[in-house]
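What's in model_25.tsv: TSV, C-alpha atoms and all ligand atoms
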chain	number	residue	atom	x	y	z
J	1	MET	CA	28.38	6.00	18.98
J	2	THR	CA	31.54	5.79	16.91
J	3	ASP	CA	31.41	1.96	16.91
J	4	ALA	CA	27.72	1.83	16.08
J	5	PRO	CA	26.99	-0.04	12.84
J	6	THR	CA	26.09	2.29	9.97
J	7	VAL	CA	22.55	2.06	8.60
J	8	LEU	CA	21.46	3.73	5.38
J	9	LEU	CA	17.99	5.16	6.00
J	10	LEU	CA	16.05	5.60	2.76
J	11	GLN	CA	12.80	6.62	4.42
J	12	LYS	CA	12.11	10.21	5.35
J	13	THR	CA	8.76	10.14	7.05
J	14	SER	CA	8.54	7.96	10.15
J	15	LEU	CA	9.68	9.54	13.39
J	16	PRO	CA	9.23	6.35	15.46
J	17	LEU	CA	11.55	4.59	13.01
J	18	ARG	CA	14.27	7.22	13.23
J	19	GLN	CA	14.07	7.20	17.03
J	20	ALA	CA	14.20	3.40	17.22
J	21	LEU	CA	17.28	3.29	15.01
J	22	ALA	CA	19.13	6.27	16.47
J	23	GLU	CA	19.37	4.63	19.91
J	24	ARG	CA	21.71	2.00	18.58
J	25	TYR	CA	22.86	2.78	15.03
J	26	ARG	CA	24.69	5.43	13.09
J	27	ILE	CA	22.19	6.69	10.52
J	28	VAL	CA	23.26	8.03	7.13
J	29	GLU	CA	21.06	9.12	4.27
J	30	GLU	CA	23.50	8.75	1.39
J	31	PRO	CA	25.32	5.56	0.31
J	32	GLU	CA	28.77	5.13	1.83
J	33	VAL	CA	31.14	2.17	2.11
J	34	ALA	CA	30.55	1.82	5.86
J	35	VAL	CA	26.87	0.97	5.37
J	36	ARG	CA	26.00	-2.50	6.70
J	37	ALA	CA	22.21	-2.41	6.47
J	38	ILE	CA	19.56	-0.50	4.53
J	39	VAL	CA	16.27	0.55	6.09
J	40	GLY	CA	13.52	1.92	3.89
J	41	SER	CA	10.13	1.40	2.35
J	42	GLY	CA	9.81	-1.51	-0.05
J	43	SER	CA	9.12	0.77	-2.99
J	44	VAL	CA	12.52	2.47	-2.74
J	45	MET	CA	14.86	1.14	-5.43
J	46	VAL	CA	17.48	-1.22	-3.98
J	47	ASP	CA	19.06	-2.69	-7.11
J	48	GLY	CA	22.40	-4.22	-8.08
J	49	ASP	CA	23.92	-0.78	-8.72
J	50	LEU	CA	23.17	0.42	-5.20
J	51	MET	CA	24.33	-2.89	-3.73
J	52	ASP	CA	27.62	-2.53	-5.66
J	53	ARG	CA	28.18	0.80	-3.92
J	54	LEU	CA	27.61	-0.81	-0.51
J	55	PRO	CA	30.11	-3.68	-0.33
J	56	ARG	CA	29.55	-4.32	3.40
J	57	MET	CA	25.73	-4.22	3.25
J	58	ARG	CA	24.09	-7.58	4.03
J	59	LEU	CA	20.60	-6.65	5.25
J	60	VAL	CA	17.68	-4.77	3.73
J	61	ALA	CA	15.17	-4.19	6.52
J	62	ILE	CA	11.97	-2.97	4.88
J	63	HIS	CA	9.70	-0.67	6.87
J	64	GLY	CA	6.48	-2.12	5.44
J	65	VAL	CA	5.36	-5.24	3.64
J	66	GLY	CA	5.67	-4.34	-0.05
J	67	HIS	CA	9.11	-5.09	-1.49
J	68	GLU	CA	8.81	-4.41	-5.21
J	69	GLY	CA	11.75	-1.98	-5.20
J	70	VAL	CA	14.22	-4.56	-3.90
J	71	ASP	CA	15.89	-6.75	-6.50
J	72	LEU	CA	15.64	-10.03	-4.61
J	73	GLU	CA	17.76	-11.95	-7.11
J	74	GLU	CA	20.64	-9.45	-6.83
J	75	ALA	CA	20.25	-9.61	-3.04
J	76	ARG	CA	20.34	-13.41	-3.03
J	77	MET	CA	23.46	-13.47	-5.21
J	78	ARG	CA	25.26	-11.17	-2.77
J	79	GLY	CA	24.08	-12.95	0.38
J	80	VAL	CA	21.94	-9.93	1.33
J	81	GLN	CA	18.99	-10.86	3.53
J	82	VAL	CA	15.65	-9.05	3.39
J	83	THR	CA	13.08	-8.51	6.14
J	84	THR	CA	9.64	-6.85	6.17
J	85	THR	CA	7.15	-5.86	8.91
J	86	PRO	CA	4.19	-8.21	8.42
J	87	GLY	CA	1.17	-8.37	10.71
J	88	VAL	CA	1.50	-5.08	12.55
J	89	LEU	CA	0.00	-2.89	9.80
J	90	THR	CA	-2.62	-5.31	8.46
J	91	ALA	CA	-5.61	-3.98	10.41
J	92	ASP	CA	-4.78	-0.34	9.72
J	93	VAL	CA	-4.41	-0.72	5.96
J	94	ALA	CA	-7.64	-2.76	5.87
J	95	ASP	CA	-9.45	-0.12	7.93
J	96	GLN	CA	-8.18	2.55	5.55
J	97	ALA	CA	-9.66	0.71	2.56
J	98	ILE	CA	-13.07	0.56	4.24
J	99	ALA	CA	-12.84	4.21	5.33
J	100	LEU	CA	-12.09	5.31	1.77
J	101	MET	CA	-14.91	3.20	0.36
J	102	LEU	CA	-17.48	4.63	2.78
J	103	ALA	CA	-16.16	8.17	2.42
J	104	VAL	CA	-16.63	8.04	-1.35
J	105	GLN	CA	-20.06	6.40	-1.22
J	106	ARG	CA	-21.48	8.69	1.48
J	107	ARG	CA	-19.78	11.88	0.26
J	108	ILE	CA	-18.18	12.41	3.67
J	109	ILE	CA	-15.48	14.83	2.49
J	110	PRO	CA	-17.50	17.13	0.19
J	111	ASN	CA	-20.30	17.23	2.78
J	112	ASP	CA	-17.81	18.21	5.45
J	113	ARG	CA	-16.58	20.98	3.15
J	114	VAL	CA	-20.14	22.28	2.69
J	115	MET	CA	-20.70	22.29	6.46
J	116	ARG	CA	-17.50	24.20	7.13
J	117	ALA	CA	-18.71	26.83	4.65
J	118	ARG	CA	-21.83	27.06	6.84
J	119	GLY	CA	-23.95	25.22	4.28
J	120	TRP	CA	-26.38	22.37	4.82
J	121	THR	CA	-27.89	21.31	1.50
J	122	VAL	CA	-25.89	18.64	-0.31
J	123	PRO	CA	-26.53	16.13	-3.13
J	124	LEU	CA	-27.71	12.61	-2.31
J	125	SER	CA	-25.04	10.00	-1.71
J	126	SER	CA	-24.98	6.27	-2.60
J	127	ARG	CA	-25.98	3.34	-0.41
J	128	ALA	CA	-22.89	1.53	0.84
J	129	SER	CA	-24.57	-1.70	1.90
J	130	GLY	CA	-25.65	-4.44	-0.46
J	131	ARG	CA	-22.97	-3.85	-3.09
J	132	ARG	CA	-20.79	-6.43	-4.78
J	133	ILE	CA	-17.30	-5.82	-3.49
J	134	GLY	CA	-14.30	-7.16	-5.39
J	135	VAL	CA	-10.86	-7.42	-3.80
J	136	PHE	CA	-7.80	-7.70	-6.05
J	137	GLY	CA	-5.04	-9.42	-4.07
J	138	MET	CA	-5.68	-11.95	-1.32
J	139	GLY	CA	-2.64	-11.88	0.94
J	140	GLU	CA	-2.91	-11.09	4.64
J	141	ILE	CA	-4.21	-7.55	4.09
J	142	GLY	CA	-6.55	-8.66	1.30
J	143	ARG	CA	-8.13	-11.13	3.70
J	144	ALA	CA	-8.49	-8.47	6.39
J	145	ILE	CA	-10.18	-6.14	3.89
J	146	ALA	CA	-12.50	-8.90	2.70
J	147	ALA	CA	-13.44	-9.83	6.28
J	148	ARG	CA	-14.36	-6.19	6.98
J	149	ALA	CA	-16.11	-5.61	3.64
J	150	ALA	CA	-18.12	-8.85	3.53
J	151	PRO	CA	-20.76	-7.73	6.08
J	152	PHE	CA	-21.51	-4.70	3.89
J	153	ALA	CA	-21.59	-6.64	0.66
J	154	SER	CA	-24.27	-8.53	-1.23
J	155	GLU	CA	-21.34	-10.62	-2.42
J	156	LEU	CA	-17.61	-10.60	-1.76
J	157	LEU	CA	-15.45	-11.61	-4.72
J	158	TYR	CA	-11.71	-11.72	-5.15
J	159	CYS	CA	-9.04	-12.19	-7.75
J	160	ALA	CA	-5.58	-13.46	-6.84
J	161	ARG	CA	-2.85	-15.58	-8.41
J	162	SER	CA	-4.75	-18.68	-7.31
J	163	ALA	CA	-8.07	-19.59	-5.73
J	164	LYS	CA	-8.00	-20.02	-1.95
J	165	PRO	CA	-10.45	-22.85	-1.27
J	166	GLU	CA	-10.23	-22.21	2.48
J	167	LEU	CA	-11.85	-18.76	2.04
J	168	PRO	CA	-15.64	-18.30	2.00
J	169	TRP	CA	-15.54	-15.75	-0.86
J	170	ARG	CA	-15.95	-16.31	-4.59
J	171	PHE	CA	-12.77	-16.49	-6.67
J	172	VAL	CA	-12.80	-14.73	-10.05
J	173	PRO	CA	-9.85	-15.66	-12.28
J	174	THR	CA	-9.20	-12.32	-14.02
J	175	LEU	CA	-9.16	-8.70	-12.92
J	176	GLN	CA	-11.31	-7.77	-15.92
J	177	ALA	CA	-14.01	-10.24	-14.83
J	178	LEU	CA	-13.70	-9.09	-11.21
J	179	ALA	CA	-14.30	-5.48	-12.30
J	180	GLU	CA	-17.27	-6.53	-14.43
J	181	GLN	CA	-18.87	-8.32	-11.49
J	182	SER	CA	-18.08	-5.71	-8.78
J	183	ASP	CA	-19.61	-2.40	-7.76
J	184	VAL	CA	-16.57	-1.58	-5.64
J	185	LEU	CA	-13.09	-2.73	-6.66
J	186	ILE	CA	-10.48	-2.64	-3.89
J	187	LEU	CA	-6.80	-3.03	-4.84
J	188	ILE	CA	-4.38	-4.66	-2.42
J	189	ALA	CA	-2.08	-6.68	-4.72
J	190	PRO	CA	1.71	-6.22	-4.68
J	191	GLY	CA	3.34	-3.57	-6.87
J	192	GLY	CA	6.06	-4.26	-9.42
J	193	ALA	CA	6.19	-5.25	-13.07
J	194	GLU	CA	3.59	-8.02	-12.81
J	195	THR	CA	0.79	-5.67	-11.73
J	196	LYS	CA	1.86	-2.44	-13.46
J	197	HIS	CA	-1.22	-0.71	-14.92
J	198	ALA	CA	-3.31	-3.81	-14.23
J	199	VAL	CA	-6.21	-1.39	-13.85
J	200	ASP	CA	-6.37	0.20	-17.29
J	201	ALA	CA	-9.12	1.87	-19.30
J	202	SER	CA	-10.72	-1.47	-20.08
J	203	VAL	CA	-10.88	-2.59	-16.42
J	204	LEU	CA	-12.30	0.81	-15.48
J	205	ALA	CA	-14.92	0.51	-18.22
J	206	ALA	CA	-15.80	-2.93	-16.85
J	207	LEU	CA	-16.23	-1.46	-13.36
J	208	GLY	CA	-18.80	0.81	-14.91
J	209	PRO	CA	-20.53	4.14	-14.27
J	210	ASP	CA	-21.76	3.10	-10.80
J	211	GLY	CA	-18.42	1.55	-9.88
J	212	ILE	CA	-15.94	2.79	-7.29
J	213	LEU	CA	-12.21	2.11	-7.24
J	214	VAL	CA	-10.30	1.96	-3.95
J	215	ASN	CA	-6.51	1.67	-4.04
J	216	VAL	CA	-4.53	0.97	-0.87
J	217	ALA	CA	-1.85	-1.04	-2.70
J	218	ARG	CA	0.52	0.81	-5.01
J	219	GLY	CA	-0.12	3.65	-7.45
J	220	SER	CA	1.62	1.60	-10.11
J	221	LEU	CA	-1.32	-0.83	-10.28
J	222	VAL	CA	-3.46	1.85	-11.92
J	223	ASP	CA	-3.01	3.64	-15.22
J	224	GLN	CA	-3.49	7.01	-13.55
J	225	GLU	CA	-4.19	8.88	-16.79
J	226	ALA	CA	-6.89	6.37	-17.68
J	227	LEU	CA	-8.33	6.82	-14.19
J	228	VAL	CA	-8.47	10.61	-14.54
J	229	ALA	CA	-10.14	10.18	-17.94
J	230	ALA	CA	-12.66	7.67	-16.54
J	231	LEU	CA	-13.54	9.97	-13.64
J	232	ALA	CA	-13.89	12.99	-15.94
J	233	ALA	CA	-16.10	11.04	-18.37
J	234	GLY	CA	-18.15	9.37	-15.63
J	235	THR	CA	-17.05	5.94	-16.83
J	236	ILE	CA	-16.70	5.14	-13.13
J	237	ALA	CA	-18.52	6.80	-10.24
J	238	GLY	CA	-15.67	7.59	-7.88
J	239	ALA	CA	-12.39	6.60	-6.31
J	240	GLY	CA	-10.71	6.42	-2.91
J	241	LEU	CA	-6.95	6.66	-3.38
J	242	ASP	CA	-4.28	6.17	-0.76
J	243	VAL	CA	-1.47	5.65	-3.27
J	244	PHE	CA	-0.35	7.37	-6.47
J	245	ALA	CA	1.83	6.74	-9.49
J	246	GLU	CA	4.60	9.16	-8.49
J	247	GLU	CA	4.29	9.92	-4.81
J	248	PRO	CA	4.14	12.49	-3.40
J	249	HIS	CA	2.96	14.02	-6.69
J	250	VAL	CA	-0.82	13.98	-7.19
J	251	PRO	CA	-2.11	15.12	-10.60
J	252	ALA	CA	-4.11	18.35	-10.32
J	253	ALA	CA	-7.02	16.71	-12.13
J	254	LEU	CA	-7.46	14.19	-9.31
J	255	THR	CA	-7.76	17.00	-6.77
J	256	SER	CA	-10.61	18.56	-8.74
J	257	PHE	CA	-13.17	15.74	-8.41
J	258	ASP	CA	-15.76	15.73	-5.61
J	259	GLN	CA	-16.22	12.01	-6.13
J	260	VAL	CA	-12.58	11.28	-5.26
J	261	VAL	CA	-11.16	10.96	-1.76
J	262	LEU	CA	-7.39	11.39	-1.51
J	263	SER	CA	-5.09	10.19	1.23
J	264	PRO	CA	-1.27	10.56	1.44
J	265	HIS	CA	-0.20	6.87	1.53
J	266	HIS	CA	-1.60	6.76	5.02
J	267	GLY	CA	-2.75	3.13	5.29
J	268	SER	CA	-0.15	2.09	7.85
J	269	ALA	CA	0.26	5.57	9.29
J	270	THR	CA	-1.32	5.07	12.68
J	271	ARG	CA	0.78	5.81	15.74
J	272	GLU	CA	0.32	2.19	16.78
J	273	ALA	CA	1.36	0.58	13.50
J	274	ARG	CA	4.29	2.91	12.96
J	275	THR	CA	5.57	2.24	16.48
J	276	GLU	CA	5.29	-1.52	15.98
J	277	MET	CA	6.79	-1.35	12.48
J	278	ALA	CA	9.75	0.60	13.86
J	279	ALA	CA	10.18	-1.93	16.66
J	280	LEU	CA	10.15	-4.79	14.17
J	281	VAL	CA	12.70	-3.10	11.91
J	282	ARG	CA	14.86	-2.52	14.97
J	283	ALA	CA	14.41	-6.13	16.17
J	284	ASN	CA	15.52	-7.42	12.77
J	285	LEU	CA	18.59	-5.16	12.79
J	286	ASP	CA	19.47	-6.14	16.34
J	287	ALA	CA	19.12	-9.85	15.50
J	288	PHE	CA	21.20	-9.41	12.37
J	289	PHE	CA	24.04	-7.63	14.16
J	290	ALA	CA	23.93	-10.15	17.01
J	291	GLY	CA	24.28	-12.98	14.49
J	292	GLU	CA	20.88	-14.36	15.49
J	293	PRO	CA	18.02	-15.54	13.25
J	294	LEU	CA	16.08	-12.67	11.72
J	295	VAL	CA	12.66	-12.03	13.25
J	296	THR	CA	10.61	-11.56	10.06
J	297	PRO	CA	12.71	-12.56	7.04
J	298	LEU	CA	11.11	-12.68	3.61
J	299	PRO	CA	10.51	-16.33	2.87
Q	1	LIG	C1	4.29	1.92	4.41
Q	1	LIG	C2	3.41	0.23	2.70
Q	1	LIG	O1	3.68	3.16	4.55
Q	1	LIG	O2	3.82	-1.77	3.87
Q	1	LIG	C3	3.86	-1.18	2.80
Q	1	LIG	O3	4.24	-1.75	1.77
Q	1	LIG	O4	3.20	0.71	1.65
Q	1	LIG	C4	3.19	1.06	3.89
Q	1	LIG	O5	2.69	0.32	4.93
Q	1	LIG	C5	5.45	2.08	3.54
Q	1	LIG	O6	6.15	0.88	3.45
Q	1	LIG	C6	6.36	3.18	4.06
Q	1	LIG	O7	7.29	2.68	4.96
Is it possible to express this structure as structure tokens?
Amino acid sequence: MTDAPTVLLLQKTSLPLRQALAERYRIVEEPEVAVRAIVGSGSVMVDGDLMDRLPRMRLVAIHGVGHEGVDLEEARMRGVQVTTTPGVLTADVADQAIALMLAVQRRIIPNDRVMRARGWTVPLSSRASGRRIGVFGMGEIGRAIAARAAPFASELLYCARSAKPELPWRFVPTLQALAEQSDVLILIAPGGAETKHAVDASVLAALGPDGILVNVARGSLVDQEALVAALAAGTIAGAGLDVFAEEPHVPAALTSFDQVVLSPHHGSATREARTEMAALVRANLDAFFAGEPLVTPLP
């Protein structure tokens, strides 16, 4: 494979991805001048400095849909194109949000722990149906979450950059107001500077002592220290967390709460999604190197 184009792989975890790339590309894990494309998750930092070190690189193929780590302006200035893997992970991330919500409400994990210790008697859990469910972020995955959550909910509300009149759910213009009016707050907005610590102590207080936070977006959306404090003080009732401020680090305090369900950024980590994501990354690379239109470019 000496003539194979060199791809800088900035993603450690996905075996399907590595296999899909290795068939056709030379994979390196450190920047080098030969690199012609980067493959990685959208939260990995791809800034002007890295691009300067990769003078032949003209494609960033993101394995996922978030792209907050990629400096799109620097990319545009250098003629670097960017692709993501939309569609193929939508259902799985949405399912994960619902799974976390139900697991927190019905105490699935602590009850399982009691059973494994040969116990039977456990505290009461909370009713999942008939709650007001608020979704923060109304892109493709936000819609899939809302569609799944709505049948459970007494009301489905959402907050996004703008109201979507085509949707049957009630738009709430601020996150603070959404938290005030929701029993469950599900986060699926993009990461990056615009949403950093959007969920702070005041939003958590608005969610209230019966409120549950579910985050399948980015850890950066939540002030994690404020969340730990709110859980410890009972300012909110519980949380289902798939993402964390500094992955893979999870603060010890978060692991100590029975009312918290933790998951290792697993939303898109089904065999099916990861196989299709890998295929889409590969299809974008193949199109790029064949000089053909990219399959799923960022608009
Ligand atoms: C992936 C994600 O796990 O799509 C995203 O933005 O966060 C996840 O689906 C991540 O991109 C790792 O590749």
Produce as a list of chain:residue names the set of residues near ligand LIG 1 (chain Q), where near means within 8 Å with all atoms listed in the file considered. J:Gln11, J:Thr13, J:Ser14, J:Gly40, J:Ser41, J:Gly42, J:Ser43, J:Ile62, J:His63, J:Gly64, J:Val65, J:Gly66, J:His67, J:Thr85, J:Pro86, J:Leu89, J:Val93, J:Ala217, J:Arg218, J:His265, J:His266, J:Gly267, J:Ser268, J:Ala269
Pick from J:Ile141, J:Ala177, J:Ala226, J:Ala287: nearest to J:Val88, with only C-alpha atoms counted? J:Ile141
Considering only C-alpha atoms, can you say which of J:Glu30, J:Ser154, J:Val80, J:Glu23 comes closest to J:Met51?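 Among J:Glu30, J:Ser154, J:Val80, J:Glu23, it is J:Val80 that comes nearest to J:Met51.
Atom CA of J:Arg58 to atom CA of J:Val70 spans 13.0 Å [interatomic distance, one decimal].
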Would you mind reading off the distance between atom CA of J:Leu227 and atom CA of J:Leu204, one decimal, in Å?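 Computing it gives 7.3 Å between the two atoms.
The gap separating atom CA of J:Ser256 from atom CA of J:Glu180 is 26.6 Å, in Å to one decimal.
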Using only C-alpha atoms, collect all residues at a distance of at most 9 Å from (-23.2, -1.1, 2.5) as written in the file, then present them as a ChimeraX atom specification. /J:102,105,127-131,149,151-154
Using the selection just defined, write its residues with C-alpha atoms as a CSV table (one decimal), in the coordinates of the input.
chain,number,residue,atom,x,y,z
J,102,LEU,CA,-17.5,4.6,2.8
J,105,GLN,CA,-20.1,6.4,-1.2
J,127,ARG,CA,-26.0,3.3,-0.4
J,128,ALA,CA,-22.9,1.5,0.8
J,129,SER,CA,-24.6,-1.7,1.9
J,130,GLY,CA,-25.6,-4.4,-0.5
J,131,ARG,CA,-23.0,-3.8,-3.1
J,149,ALA,CA,-16.1,-5.6,3.6
J,151,PRO,CA,-20.8,-7.7,6.1
J,152,PHE,CA,-21.5,-4.7,3.9
J,153,ALA,CA,-21.6,-6.6,0.7
J,154,SER,CA,-24.3,-8.5,-1.2
Contacts of stretch 231-233 of chain J within 9 Å, only C-alpha atoms, excl. fewer than 3 positions in-chain, as an MDAnalysis selection string: chainID J and resid 226:228 236:239 253:254 257 259:260
Please return as a VMD selection string every residue within 7 Å of (16.8, -1.8, 18.4), taking into account only C-alpha atoms and the file's own coordinates. chain J and resid 20 to 21 24 279 282 to 283 285 to 286
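Remark: for J:Gln224, the closest of the candidate residues J:Leu294, J:Ala245, J:Leu8, J:Ala205 is J:Ala245 (distances computed over only C-alpha atoms).
The residue that comes closest to J:Glu247, out of J:Gly87, J:Pro190, J:Val44, J:Glu155 and on the basis of all atoms listed in the file, is J:Val44.
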Can you list, as a count of residues only, every protein, DNA or RNA residue that comes within 8 Å of J:His197 when you count only C-alpha atoms, leaving out same-chain residues fewer than 3 positions away? 5
Closest of J:Ala273, J:Val122, J:Ala94, J:Ile188 to J:Arg107 - atom-to-atom distances counting all atoms listed in the file: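 Comparing J:Ala273, J:Val122, J:Ala94, J:Ile188 against J:Arg107, the winner is J:Val122.
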Which residue out of J:Leu262, J:Val199, J:Leu59, J:Leu157 has the minimum interatomic distance to J:Ala37 when all atoms listed in the file are used?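 That would be J:Leu59, the residue with the smallest distance to J:Ala37.
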